[in-house]
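Participant: Before I ask anything, here is the structure I am working with.
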Amino acid sequence: MGKHVAVVGASGAVGERMIELLQSRRFPLASIRFLASARSAGRWVEFGGEKHPIQELSEKTLLGVDVVLSSTPASISREWSPKAAALGAVVVDNSSAFRMDPEVPLVVPEVNPQDVLKHKGIIANPNCSTIQMVVALKPLHDAARIRRVVVSTYQSVSGAGMKGLHELETQTNASARGQAPPRPSKFAHPILHNCIPQIDDFTPSGYTKEELKMVNETRKIMGDPSIAVCPTCVRVPVPYSHSESILVETERPITPEEAKRLWSDAPGVLVVDDPARFEYPLAAAAAGRDEVFVGRVRQDLDRPNALLFWCVSDNLRKGAATNAVQIAETLLKLTA
Ligand SMILES: NC(=O)c1ccc[n+]([C@@H]2O[C@H](COP(=O)([O-])OP(=O)(O)OC[C@H]3O[C@@H](n4cnc5c(N)ncnc54)[C@H](OP(=O)(O)O)[C@@H]3O)[C@@H](O)[C@H]2O)c1
């Protein structure tokens with residue numbers, strides 16, 4: 001039976017993808033509405049061949065909704081996701097607001113689908129860099145038990161939403177015209193021609209919040225607090241898709257051949273690994289796709305129980321909107 005669905009944050013980078021996916025995946029809909037802030041109210045969204053207005057998020061516009069797919073800043077989610085749940089909806093929330101709340105399941109359907117059933121009105125969608133990593137790690141963990149992960153990320157500007165995309169675009173255009181770029185506002189430094197080893201604020205530990213999300217969310221999703229994660233998160237001047245260099249230490253050694261076999265049988269993962277033909281996962285090729293791509297698989301030169309690989313996925317799709325829609329689909333399937 002179709003559901004009454006609201007896309008909250010419909011004017012945002014993740015919201016836009018959400019709208020595309022609800023159509024392409026033929027999500028069972030009884031009705032759909034599009035909500036955002038007062039700034040966007042009155043704009044129009046194309047859906048199913050018809051134009052729909054964006055309305056302001058309010059208790060009135062949330063009435064009668066069964067499923068909320070929310071992608072707003074955490075401060076807005078903190079206020080509105082519990083209100084939507086109290087009004088009777090199940091909320092899939094993309095922000096960081098509830099991810100580490102013990103009462104809220106944090107779900108990647110390829111890893112812990114059954115956790116959706118534990119919800120009390122809100123299901124959290126993990127951080128984009130964490131989602132793609134755990135999809136790739138899960139089959140290795142099941143086969144050989146992961147002890148430690150060392151990860152460096154190369155994260156696209158769309159991970160910082162519409163404003164991140166806009167900042168790279170304006171700096172690129174200014175540079176092409178030979179003009180001085182406007183001062184950065186979304187990132188701490190100019191992102192054009194640069195790599196910025198800071199995503200989100202620093203914590204007293206010396207790690208950024210983004211890096212600690214990768215540590216804590218990985219353990220919660222994998223259901224194993226013993227997994228050690230050592231992250232460095234870097235913003236790079238790429239519009240879409242996050243890339244990650246991952247070293248994984250396992251209790252039992254895994255060869256690259258075994259890892260590729262495990263990934264070939266795993267849901268959501270595609271192995272692209274033919275270096276002789278220059279074939280490996282690339283950010284530009286992953287943009288607009290839903291899979292997590294892995295390649296450059298190789299053994300650590302000194303440690304038999306350590307494996308390295310390169311992992312790429314579209315942060316707005318599997319890293320956000322696709323995972324959120326899959327969570328809603330999983331819930332419908334398991335409660336049908
Ligand atoms: N970008 C990614 O790769 C990614 C991945 C995973 C998770 N997330 C998370 O998803 C959320 C959205 O990210 P994004 O990249 O889509 O950001 P974005 O492009 O900045 O979009 C933010 C959305 O939130 C809406 N919003 C802001 N203030 C609001 C308010 N007071 N009331 C109602 N709606 C409001 C905005 O509406 P207006 O346009 O009207 O302001 C817009 O639709 C964030 O929590 C982010 O951390 C993002």
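Following the order of the structure tokens, chains are lettered A, B, ..., residues in each are numbered from 1, and ligands are numbered from 1.
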Would you write out, as CSV, a table of all residues in segment 80-183 of chain A that have an atom no more than 6 Å from an atom of segment 59-68 of chain A, listing for each the closest atom pair and the distance in Å to one decimal, considering only C-alpha atoms and ordering rows by chain and rising residue number?

Facilitator:
residue,atom,partner,partner_atom,distance
A:Ala89,CA,A:Asp66,CA,4.4
A:Val90,CA,A:Val67,CA,5.0
A:Val91,CA,A:Val68,CA,4.6

Participant: Using only C-alpha atoms and all ligand atoms, find each residue of chain A with at least one atom at most 7 Å away from an atom of ligand 1; report its shortest atom-to-atom pair and that distance in Å (one decimal), sort the rows by chain and rising residue number, and return the result as a Markdown table.

Facilitator:
| residue | atom | partner | partner_atom_place_in_ligand_line | distance |
| --- | --- | --- | --- | --- |
| A:Val8 | CA | ligand 1 | 34 (N) | 6.5 |
| A:Gly9 | CA | ligand 1 | 43 (O) | 3.2 |
| A:Ala10 | CA | ligand 1 | 43 (O) | 4.7 |
| A:Ser11 | CA | ligand 1 | 43 (O) | 3.8 |
| A:Gly12 | CA | ligand 1 | 21 (O) | 3.2 |
| A:Ala13 | CA | ligand 1 | 16 (O) | 3.8 |
| A:Val14 | CA | ligand 1 | 16 (O) | 3.8 |
| A:Gly15 | CA | ligand 1 | 16 (O) | 5.7 |
| A:Leu35 | CA | ligand 1 | 33 (C) | 6.8 |
| A:Ala36 | CA | ligand 1 | 34 (N) | 3.7 |
| A:Ser37 | CA | ligand 1 | 33 (C) | 3.6 |
| A:Ala38 | CA | ligand 1 | 40 (O) | 5.9 |
| A:Arg39 | CA | ligand 1 | 40 (O) | 4.5 |
| A:Ser40 | CA | ligand 1 | 40 (O) | 4.1 |
| A:Ala41 | CA | ligand 1 | 40 (O) | 6.9 |
| A:Glu56 | CA | ligand 1 | 33 (C) | 6.6 |
| A:Leu57 | CA | ligand 1 | 33 (C) | 5.2 |
| A:Ser71 | CA | ligand 1 | 11 (C) | 4.0 |
| A:Thr72 | CA | ligand 1 | 24 (O) | 3.5 |
| A:Pro73 | CA | ligand 1 | 45 (O) | 3.8 |
| A:Ala74 | CA | ligand 1 | 45 (O) | 4.9 |
| A:Ile76 | CA | ligand 1 | 31 (N) | 5.7 |
| A:Asn94 | CA | ligand 1 | 10 (O) | 4.6 |
| A:Ser95 | CA | ligand 1 | 45 (O) | 3.4 |
| A:Ser96 | CA | ligand 1 | 45 (O) | 6.1 |
| A:Pro126 | CA | ligand 1 | 6 (C) | 6.8 |
| A:Asn127 | CA | ligand 1 | 6 (C) | 5.0 |
| A:Cys128 | CA | ligand 1 | 6 (C) | 4.5 |
| A:Ser158 | CA | ligand 1 | 1 (N) | 5.2 |
| A:Gly159 | CA | ligand 1 | 3 (O) | 3.4 |
| A:Ala160 | CA | ligand 1 | 1 (N) | 5.2 |
| A:Gly161 | CA | ligand 1 | 15 (O) | 3.0 |
| A:Met162 | CA | ligand 1 | 19 (O) | 3.9 |
| A:Lys163 | CA | ligand 1 | 20 (O) | 6.2 |
| A:Asn315 | CA | ligand 1 | 3 (O) | 4.5 |
| A:Leu316 | CA | ligand 1 | 3 (O) | 4.5 |
| A:Gly319 | CA | ligand 1 | 5 (C) | 5.4 |
| A:Ala320 | CA | ligand 1 | 6 (C) | 4.3 |

Participant: Just to be explicit: take each residue in the selection above, keep N, CA and C atoms, and write the result as an mmCIF file, in the first residue's frame.

Facilitator:
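Written output follows (again-v9.cif):
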data_model
loop_
_atom_site.group_PDB
_atom_site.id
_atom_site.type_symbol
_atom_site.label_atom_id
_atom_site.label_comp_id
_atom_site.auth_asym_id
_atom_site.auth_seq_id
_atom_site.Cartn_x
_atom_site.Cartn_y
_atom_site.Cartn_z
ATOM 1 N N VAL A 8 11.711 16.428 3.521
ATOM 2 C CA VAL A 8 12.024 17.646 4.278
ATOM 3 C C VAL A 8 13.473 18.036 3.966
ATOM 4 N N GLY A 9 13.660 19.292 3.539
ATOM 5 C CA GLY A 9 14.975 19.705 3.019
ATOM 6 C C GLY A 9 14.995 19.487 1.518
ATOM 7 N N ALA A 10 13.813 19.629 0.898
ATOM 8 C CA ALA A 10 13.645 19.278 -0.527
ATOM 9 C C ALA A 10 14.476 20.157 -1.456
ATOM 10 N N SER A 11 14.866 21.357 -0.997
ATOM 11 C CA SER A 11 15.642 22.262 -1.858
ATOM 12 C C SER A 11 17.143 22.045 -1.724
ATOM 13 N N GLY A 12 17.556 21.112 -0.860
ATOM 14 C CA GLY A 12 18.983 20.922 -0.598
ATOM 15 C C GLY A 12 19.632 19.921 -1.547
ATOM 16 N N ALA A 13 20.954 19.758 -1.388
ATOM 17 C CA ALA A 13 21.710 18.853 -2.266
ATOM 18 C C ALA A 13 21.231 17.410 -2.086
ATOM 19 N N VAL A 14 21.028 16.969 -0.841
ATOM 20 C CA VAL A 14 20.544 15.601 -0.601
ATOM 21 C C VAL A 14 19.068 15.505 -0.993
ATOM 22 N N GLY A 15 18.280 16.529 -0.635
ATOM 23 C CA GLY A 15 16.848 16.536 -0.964
ATOM 24 C C GLY A 15 16.599 16.361 -2.454
ATOM 25 N N LEU A 35 9.014 19.883 1.580
ATOM 26 C CA LEU A 35 9.104 20.903 2.621
ATOM 27 C C LEU A 35 10.540 21.410 2.743
ATOM 28 N N ALA A 36 10.651 22.677 3.110
ATOM 29 C CA ALA A 36 11.970 23.295 3.349
ATOM 30 C C ALA A 36 11.728 24.527 4.213
ATOM 31 N N SER A 37 12.682 25.458 4.226
ATOM 32 C CA SER A 37 12.492 26.652 5.052
ATOM 33 C C SER A 37 11.617 27.663 4.301
ATOM 34 N N ALA A 38 11.276 28.749 5.003
ATOM 35 C CA ALA A 38 10.473 29.811 4.383
ATOM 36 C C ALA A 38 11.189 30.389 3.163
ATOM 37 N N ARG A 39 12.536 30.290 3.146
ATOM 38 C CA ARG A 39 13.316 30.827 2.010
ATOM 39 C C ARG A 39 12.933 30.159 0.699
ATOM 40 N N SER A 40 12.586 28.867 0.761
ATOM 41 C CA SER A 40 12.282 28.122 -0.476
ATOM 42 C C SER A 40 10.793 28.004 -0.750
ATOM 43 N N ALA A 41 9.966 28.349 0.249
ATOM 44 C CA ALA A 41 8.518 28.199 0.061
ATOM 45 C C ALA A 41 8.096 28.984 -1.178
ATOM 46 N N GLU A 56 6.564 25.502 3.492
ATOM 47 C CA GLU A 56 7.392 25.696 4.687
ATOM 48 C C GLU A 56 7.154 24.558 5.679
ATOM 49 N N LEU A 57 8.235 24.062 6.260
ATOM 50 C CA LEU A 57 8.137 23.014 7.284
ATOM 51 C C LEU A 57 7.377 23.554 8.489
ATOM 52 N N SER A 71 16.427 15.808 5.330
ATOM 53 C CA SER A 71 17.856 16.162 5.177
ATOM 54 C C SER A 71 17.995 17.662 5.384
ATOM 55 N N THR A 72 17.969 18.021 6.657
ATOM 56 C CA THR A 72 18.149 19.417 7.072
ATOM 57 C C THR A 72 19.388 19.484 7.962
ATOM 58 N N PRO A 73 19.890 20.689 8.249
ATOM 59 C CA PRO A 73 20.989 20.789 9.211
ATOM 60 C C PRO A 73 20.582 20.174 10.554
ATOM 61 N N ALA A 74 21.587 19.711 11.336
ATOM 62 C CA ALA A 74 21.300 18.984 12.575
ATOM 63 C C ALA A 74 20.437 19.802 13.541
ATOM 64 N N ILE A 76 18.087 21.887 12.900
ATOM 65 C CA ILE A 76 16.676 21.845 12.470
ATOM 66 C C ILE A 76 16.102 20.455 12.732
ATOM 67 N N ASN A 94 18.760 12.358 8.020
ATOM 68 C CA ASN A 94 20.111 12.348 7.447
ATOM 69 C C ASN A 94 21.143 13.111 8.263
ATOM 70 N N SER A 95 20.704 13.895 9.213
ATOM 71 C CA SER A 95 21.659 14.755 9.925
ATOM 72 C C SER A 95 22.401 13.954 10.997
ATOM 73 N N SER A 96 23.343 14.627 11.669
ATOM 74 C CA SER A 96 24.105 13.961 12.734
ATOM 75 C C SER A 96 23.364 14.009 14.078
ATOM 76 N N PRO A 126 23.515 7.284 8.478
ATOM 77 C CA PRO A 126 24.881 7.637 8.905
ATOM 78 C C PRO A 126 25.529 8.721 8.049
ATOM 79 N N ASN A 127 26.696 9.124 8.515
ATOM 80 C CA ASN A 127 27.558 10.058 7.796
ATOM 81 C C ASN A 127 27.988 9.422 6.461
ATOM 82 N N CYS A 128 28.132 10.285 5.434
ATOM 83 C CA CYS A 128 28.414 9.764 4.083
ATOM 84 C C CYS A 128 29.724 8.979 3.995
ATOM 85 N N SER A 158 30.343 18.600 -2.444
ATOM 86 C CA SER A 158 28.890 18.449 -2.241
ATOM 87 C C SER A 158 28.587 17.819 -0.893
ATOM 88 N N GLY A 159 29.594 17.249 -0.240
ATOM 89 C CA GLY A 159 29.412 16.774 1.132
ATOM 90 C C GLY A 159 29.069 17.921 2.068
ATOM 91 N N ALA A 160 29.377 19.143 1.658
ATOM 92 C CA ALA A 160 29.011 20.324 2.445
ATOM 93 C C ALA A 160 27.763 20.993 1.858
ATOM 94 N N GLY A 161 26.983 20.241 1.089
ATOM 95 C CA GLY A 161 25.695 20.750 0.604
ATOM 96 C C GLY A 161 25.828 21.715 -0.560
ATOM 97 N N MET A 162 24.712 22.396 -0.852
ATOM 98 C CA MET A 162 24.651 23.343 -1.974
ATOM 99 C C MET A 162 25.715 24.433 -1.847
ATOM 100 N N LYS A 163 25.962 24.876 -0.599
ATOM 101 C CA LYS A 163 26.934 25.961 -0.400
ATOM 102 C C LYS A 163 28.348 25.496 -0.737
ATOM 103 N N ASN A 315 28.548 10.531 -2.600
ATOM 104 C CA ASN A 315 28.118 10.902 -1.247
ATOM 105 C C ASN A 315 26.669 11.346 -1.178
ATOM 106 N N LEU A 316 26.151 11.913 -2.280
ATOM 107 C CA LEU A 316 24.748 12.348 -2.246
ATOM 108 C C LEU A 316 23.792 11.181 -2.505
ATOM 109 N N GLY A 319 25.797 7.683 -0.119
ATOM 110 C CA GLY A 319 26.219 8.335 1.125
ATOM 111 C C GLY A 319 25.099 9.098 1.823
ATOM 112 N N ALA A 320 23.942 9.232 1.173
ATOM 113 C CA ALA A 320 22.861 10.001 1.792
ATOM 114 C C ALA A 320 21.496 9.522 1.280
#

Participant: Find the spatial neighbours of Asn112 of chain A, counting only C-alpha atoms, within a cut-off of 10 Å - ignore same-chain residues fewer than 6 positions away - and output them as a list in words.

Facilitator: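 Residues meeting the cut-off are Pro105, Leu106, Lys138, Lys220, Ile221, Met222 and Gly223 of chain A.
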
Participant: Using Å and a single decimal, report how far atom CA of Val150 of chain A sits from atom CA of Glu257 of chain A.

Facilitator: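 Answer for the atom CA of Glu257 of chain A to atom CA of Val150 of chain A separation: 20.6 Å.
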
Participant: Any chance you could tabulate, as a tab-separated table, the residues of segment 83-188 of chain A at most 10 Å from segment 280-303 of chain A with each one's nearest atom pair and distance in Å to one decimal, using only C-alpha atoms, in chain and rising number order?

Facilitator:
residue	atom	partner	partner_atom	distance
A:Ile131	CA	A:Val292	CA	9.1
A:Gln132	CA	A:Val292	CA	5.9
A:Met133	CA	A:Val292	CA	8.4
A:Val134	CA	A:Val292	CA	9.9
A:Val135	CA	A:Val292	CA	7.2
A:Ala136	CA	A:Val292	CA	7.2
A:Tyr154	CA	A:Ala283	CA	9.6
A:Gln155	CA	A:Ala283	CA	9.6
A:Ser156	CA	A:Ala283	CA	8.7

Participant: Using only C-alpha atoms, find the one residue out of A:Asn125, A:Ser205, A:Ser241, A:Ser24 that sits nearest to Ser70 of chain A.

Facilitator: A:Asn125

Participant: For Leu29 of chain A, which residue among A:Ile191, A:Val45, A:His4, A:Leu331 is the nearest when counting only C-alpha atoms?

Facilitator: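 Going through A:Ile191, A:Val45, A:His4, A:Leu331 one by one, the smallest distance to Leu29 of chain A is for A:His4.
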
Participant: Within segment 139-276 of chain A, find each residue whose DSSP state, derived from the backbone, is strand (DSSP E or B), and express the selection as JSON, numbers by chain.

Facilitator: {"A": [146, 147, 148, 149, 150, 151, 152, 153, 154, 155, 196, 202, 208, 228, 229, 230, 231, 232, 233, 234, 235, 242, 243, 244, 245, 246, 247, 248, 249, 250, 269, 270, 271, 274]}

Participant: Just to be explicit: take each residue in the selection above, keep N, CA and C atoms, and write the result as an mmCIF file, in the first residue's frame.

Facilitator:
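The file below, part14.cif, is the result:
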data_model
loop_
_atom_site.group_PDB
_atom_site.id
_atom_site.type_symbol
_atom_site.label_atom_id
_atom_site.label_comp_id
_atom_site.auth_asym_id
_atom_site.auth_seq_id
_atom_site.Cartn_x
_atom_site.Cartn_y
_atom_site.Cartn_z
ATOM 1 N N ILE A 146 37.457 -7.874 11.650
ATOM 2 C CA ILE A 146 38.323 -6.689 11.555
ATOM 3 C C ILE A 146 38.756 -6.249 12.948
ATOM 4 N N ARG A 147 40.069 -5.957 13.060
ATOM 5 C CA ARG A 147 40.582 -5.432 14.341
ATOM 6 C C ARG A 147 40.769 -3.916 14.262
ATOM 7 N N ARG A 148 41.288 -3.446 13.100
ATOM 8 C CA ARG A 148 41.661 -2.034 13.023
ATOM 9 C C ARG A 148 41.521 -1.546 11.590
ATOM 10 N N VAL A 149 41.105 -0.279 11.445
ATOM 11 C CA VAL A 149 40.957 0.330 10.129
ATOM 12 C C VAL A 149 41.706 1.663 10.156
ATOM 13 N N VAL A 150 42.561 1.895 9.176
ATOM 14 C CA VAL A 150 43.202 3.207 9.030
ATOM 15 C C VAL A 150 42.676 3.783 7.724
ATOM 16 N N VAL A 151 42.002 4.930 7.811
ATOM 17 C CA VAL A 151 41.339 5.475 6.619
ATOM 18 C C VAL A 151 41.691 6.945 6.415
ATOM 19 N N SER A 152 42.012 7.303 5.171
ATOM 20 C CA SER A 152 42.151 8.713 4.788
ATOM 21 C C SER A 152 41.111 8.988 3.717
ATOM 22 N N THR A 153 40.366 10.082 3.893
ATOM 23 C CA THR A 153 39.283 10.368 2.940
ATOM 24 C C THR A 153 39.664 11.538 2.031
ATOM 25 N N TYR A 154 39.063 11.526 0.861
ATOM 26 C CA TYR A 154 39.216 12.605 -0.125
ATOM 27 C C TYR A 154 37.783 13.003 -0.476
ATOM 28 N N GLN A 155 37.204 13.934 0.288
ATOM 29 C CA GLN A 155 35.758 14.150 0.250
ATOM 30 C C GLN A 155 35.371 15.334 -0.642
ATOM 31 N N ILE A 196 42.054 20.356 1.861
ATOM 32 C CA ILE A 196 41.937 20.942 3.199
ATOM 33 C C ILE A 196 41.771 19.814 4.230
ATOM 34 N N PHE A 202 37.253 21.059 14.894
ATOM 35 C CA PHE A 202 38.199 20.250 15.664
ATOM 36 C C PHE A 202 37.656 20.008 17.068
ATOM 37 N N THR A 208 38.883 15.850 14.063
ATOM 38 C CA THR A 208 37.695 16.661 13.781
ATOM 39 C C THR A 208 36.445 15.851 14.125
ATOM 40 N N ALA A 228 38.870 -0.848 15.983
ATOM 41 C CA ALA A 228 39.627 0.403 16.104
ATOM 42 C C ALA A 228 39.599 1.110 14.742
ATOM 43 N N VAL A 229 39.306 2.408 14.761
ATOM 44 C CA VAL A 229 39.268 3.178 13.505
ATOM 45 C C VAL A 229 40.160 4.401 13.667
ATOM 46 N N CYS A 230 41.064 4.610 12.708
ATOM 47 C CA CYS A 230 42.007 5.719 12.785
ATOM 48 C C CYS A 230 41.847 6.582 11.517
ATOM 49 N N PRO A 231 41.044 7.657 11.569
ATOM 50 C CA PRO A 231 40.690 8.403 10.361
ATOM 51 C C PRO A 231 41.401 9.743 10.193
ATOM 52 N N THR A 232 41.593 10.132 8.930
ATOM 53 C CA THR A 232 41.986 11.500 8.570
ATOM 54 C C THR A 232 41.044 11.925 7.455
ATOM 55 N N CYS A 233 40.278 13.010 7.670
ATOM 56 C CA CYS A 233 39.282 13.422 6.671
ATOM 57 C C CYS A 233 39.742 14.697 5.965
ATOM 58 N N VAL A 234 39.711 14.657 4.642
ATOM 59 C CA VAL A 234 40.254 15.742 3.828
ATOM 60 C C VAL A 234 39.221 16.177 2.778
ATOM 61 N N ARG A 235 39.031 17.483 2.636
ATOM 62 C CA ARG A 235 38.134 18.023 1.581
ATOM 63 C C ARG A 235 38.970 18.281 0.336
ATOM 64 N N HIS A 242 32.909 10.706 -2.719
ATOM 65 C CA HIS A 242 34.024 10.649 -1.775
ATOM 66 C C HIS A 242 34.907 9.452 -2.131
ATOM 67 N N SER A 243 36.239 9.644 -2.040
ATOM 68 C CA SER A 243 37.183 8.551 -2.230
ATOM 69 C C SER A 243 37.869 8.293 -0.888
ATOM 70 N N GLU A 244 38.225 7.037 -0.644
ATOM 71 C CA GLU A 244 38.862 6.703 0.631
ATOM 72 C C GLU A 244 39.979 5.693 0.406
ATOM 73 N N SER A 245 41.136 5.957 1.023
ATOM 74 C CA SER A 245 42.221 4.981 1.066
ATOM 75 C C SER A 245 42.085 4.250 2.394
ATOM 76 N N ILE A 246 41.882 2.932 2.316
ATOM 77 C CA ILE A 246 41.568 2.177 3.538
ATOM 78 C C ILE A 246 42.595 1.053 3.746
ATOM 79 N N LEU A 247 43.132 0.981 4.957
ATOM 80 C CA LEU A 247 43.959 -0.159 5.359
ATOM 81 C C LEU A 247 43.178 -0.889 6.438
ATOM 82 N N VAL A 248 42.974 -2.193 6.245
ATOM 83 C CA VAL A 248 42.184 -2.936 7.210
ATOM 84 C C VAL A 248 43.005 -4.109 7.743
ATOM 85 N N GLU A 249 43.068 -4.183 9.072
ATOM 86 C CA GLU A 249 43.774 -5.303 9.710
ATOM 87 C C GLU A 249 42.741 -6.286 10.223
ATOM 88 N N THR A 250 42.921 -7.546 9.868
ATOM 89 C CA THR A 250 41.947 -8.574 10.249
ATOM 90 C C THR A 250 42.625 -9.617 11.148
ATOM 91 N N VAL A 269 28.272 -3.649 -3.484
ATOM 92 C CA VAL A 269 29.695 -3.406 -3.752
ATOM 93 C C VAL A 269 30.032 -3.834 -5.179
ATOM 94 N N LEU A 270 30.839 -3.041 -5.874
ATOM 95 C CA LEU A 270 31.327 -3.410 -7.211
ATOM 96 C C LEU A 270 32.851 -3.317 -7.215
ATOM 97 N N VAL A 271 33.495 -4.406 -7.616
ATOM 98 C CA VAL A 271 34.954 -4.408 -7.698
ATOM 99 C C VAL A 271 35.370 -3.883 -9.073
ATOM 100 N N ASP A 274 41.529 -3.457 -12.315
ATOM 101 C CA ASP A 274 42.370 -3.976 -13.389
ATOM 102 C C ASP A 274 43.433 -2.911 -13.689
#

Participant: Between atom CA of Ser129 of chain A and atom CA of Asp201 of chain A, what is the spacing in Å?

Facilitator: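 Computed distance, atom CA of Asp201 of chain A to atom CA of Ser129 of chain A, equals 16.0 Å.
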
Participant: Can you measure atom CA of Glu251 of chain A to atom CA of Ala266 of chain A for me? One decimal in Å is fine.

Facilitator: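 So the two atoms, atom CA of Glu251 of chain A and atom CA of Ala266 of chain A, lie 20.1 Å apart.
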
Participant: Which parts of segment 99-327 of chain A does DSSP call alpha helix (DSSP H) when run on the backbone here, written out as an MDAnalysis selection string?

Facilitator: chainID A and resid 128:144 161:176 209:222 256:264 283:286 322:327

Participant: My list of candidates is A:Ile254, A:Ile199, A:Leu165, A:Ala124. Which is closest to Pro102 of chain A when distances are computed with only C-alpha atoms?

Facilitator: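 Checking each candidate against Pro102 of chain A, we get A:Ala124 as the closest.
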
Participant: Need to verify the contact set: Pro113 of chain A, 10 Å, only C-alpha atoms, exclusion of same-chain residues closer than 2 positions in sequence. Can you return it as a PDB file with N, CA and C atoms, in the first residue's frame?

Facilitator:
ATOM      1  N   PRO A 105      18.072   3.769  16.038  1.00  0.00           N
ATOM      2  CA  PRO A 105      18.919   2.903  15.202  1.00  0.00           C
ATOM      3  C   PRO A 105      19.638   3.696  14.123  1.00  0.00           C
ATOM      4  N   LEU A 106      20.852   3.261  13.806  1.00  0.00           N
ATOM      5  CA  LEU A 106      21.689   3.884  12.786  1.00  0.00           C
ATOM      6  C   LEU A 106      21.927   2.794  11.742  1.00  0.00           C
ATOM      7  N   VAL A 107      21.393   3.004  10.527  1.00  0.00           N
ATOM      8  CA  VAL A 107      21.241   1.834   9.650  1.00  0.00           C
ATOM      9  C   VAL A 107      21.879   2.020   8.275  1.00  0.00           C
ATOM     10  N   VAL A 108      22.586   0.978   7.851  1.00  0.00           N
ATOM     11  CA  VAL A 108      23.006   0.821   6.455  1.00  0.00           C
ATOM     12  C   VAL A 108      22.413  -0.528   6.027  1.00  0.00           C
ATOM     13  N   PRO A 109      21.436  -0.539   5.132  1.00  0.00           N
ATOM     14  CA  PRO A 109      20.705  -1.784   4.870  1.00  0.00           C
ATOM     15  C   PRO A 109      21.573  -2.982   4.465  1.00  0.00           C
ATOM     16  N   GLU A 110      22.734  -2.768   3.863  1.00  0.00           N
ATOM     17  CA  GLU A 110      23.611  -3.897   3.515  1.00  0.00           C
ATOM     18  C   GLU A 110      24.285  -4.472   4.757  1.00  0.00           C
ATOM     19  N   VAL A 111      24.283  -3.725   5.868  1.00  0.00           N
ATOM     20  CA  VAL A 111      25.042  -4.140   7.054  1.00  0.00           C
ATOM     21  C   VAL A 111      24.117  -4.575   8.197  1.00  0.00           C
ATOM     22  N   ASP A 115      18.007  -3.663  12.242  1.00  0.00           N
ATOM     23  CA  ASP A 115      17.963  -2.593  13.250  1.00  0.00           C
ATOM     24  C   ASP A 115      16.839  -1.599  12.993  1.00  0.00           C
ATOM     25  N   VAL A 116      16.325  -1.536  11.753  1.00  0.00           N
ATOM     26  CA  VAL A 116      15.211  -0.594  11.494  1.00  0.00           C
ATOM     27  C   VAL A 116      14.036  -0.892  12.421  1.00  0.00           C
ATOM     28  N   LEU A 117      13.889  -2.179  12.784  1.00  0.00           N
ATOM     29  CA  LEU A 117      12.722  -2.576  13.586  1.00  0.00           C
ATOM     30  C   LEU A 117      12.787  -2.035  15.014  1.00  0.00           C
ATOM     31  N   ILE A 221      27.139   0.813  13.770  1.00  0.00           N
ATOM     32  CA  ILE A 221      26.497   0.108  12.646  1.00  0.00           C
ATOM     33  C   ILE A 221      26.947  -1.349  12.590  1.00  0.00           C
ATOM     34  N   GLN A 326      16.543   3.480   0.894  1.00  0.00           N
ATOM     35  CA  GLN A 326      16.659   2.033   1.167  1.00  0.00           C
ATOM     36  C   GLN A 326      16.215   1.697   2.593  1.00  0.00           C
ATOM     37  N   ILE A 327      16.509   2.593   3.546  1.00  0.00           N
ATOM     38  CA  ILE A 327      16.058   2.367   4.930  1.00  0.00           C
ATOM     39  C   ILE A 327      14.522   2.310   4.958  1.00  0.00           C
ATOM     40  N   THR A 330      13.346  -0.859   3.380  1.00  0.00           N
ATOM     41  CA  THR A 330      13.600  -2.012   4.265  1.00  0.00           C
ATOM     42  C   THR A 330      12.526  -2.080   5.342  1.00  0.00           C
ATOM     43  N   LEU A 331      12.193  -0.915   5.914  1.00  0.00           N
ATOM     44  CA  LEU A 331      11.171  -0.874   6.954  1.00  0.00           C
ATOM     45  C   LEU A 331       9.828  -1.372   6.408  1.00  0.00           C
ATOM     46  N   LEU A 334      10.043  -5.209   5.939  1.00  0.00           N
ATOM     47  CA  LEU A 334      10.085  -6.005   7.153  1.00  0.00           C
ATOM     48  C   LEU A 334       8.815  -5.889   7.998  1.00  0.00           C
TER      49      LEU A 334
END

Participant: Quick one: of A:Val92, A:Ala336, A:Ala176, A:Val325, who's nearest to Glu20 of chain A, counting only C-alpha atoms?

Facilitator: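 Result for the nearest residue to Glu20 of chain A: A:Val325.
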
Participant: From the list A:Leu137, A:Val238, A:Met214, A:Ala6, which residue is nearest Lys260 of chain A when using only C-alpha atoms?

Facilitator: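 Looking at the shortest contact to Lys260 of chain A, the residue is A:Leu137.
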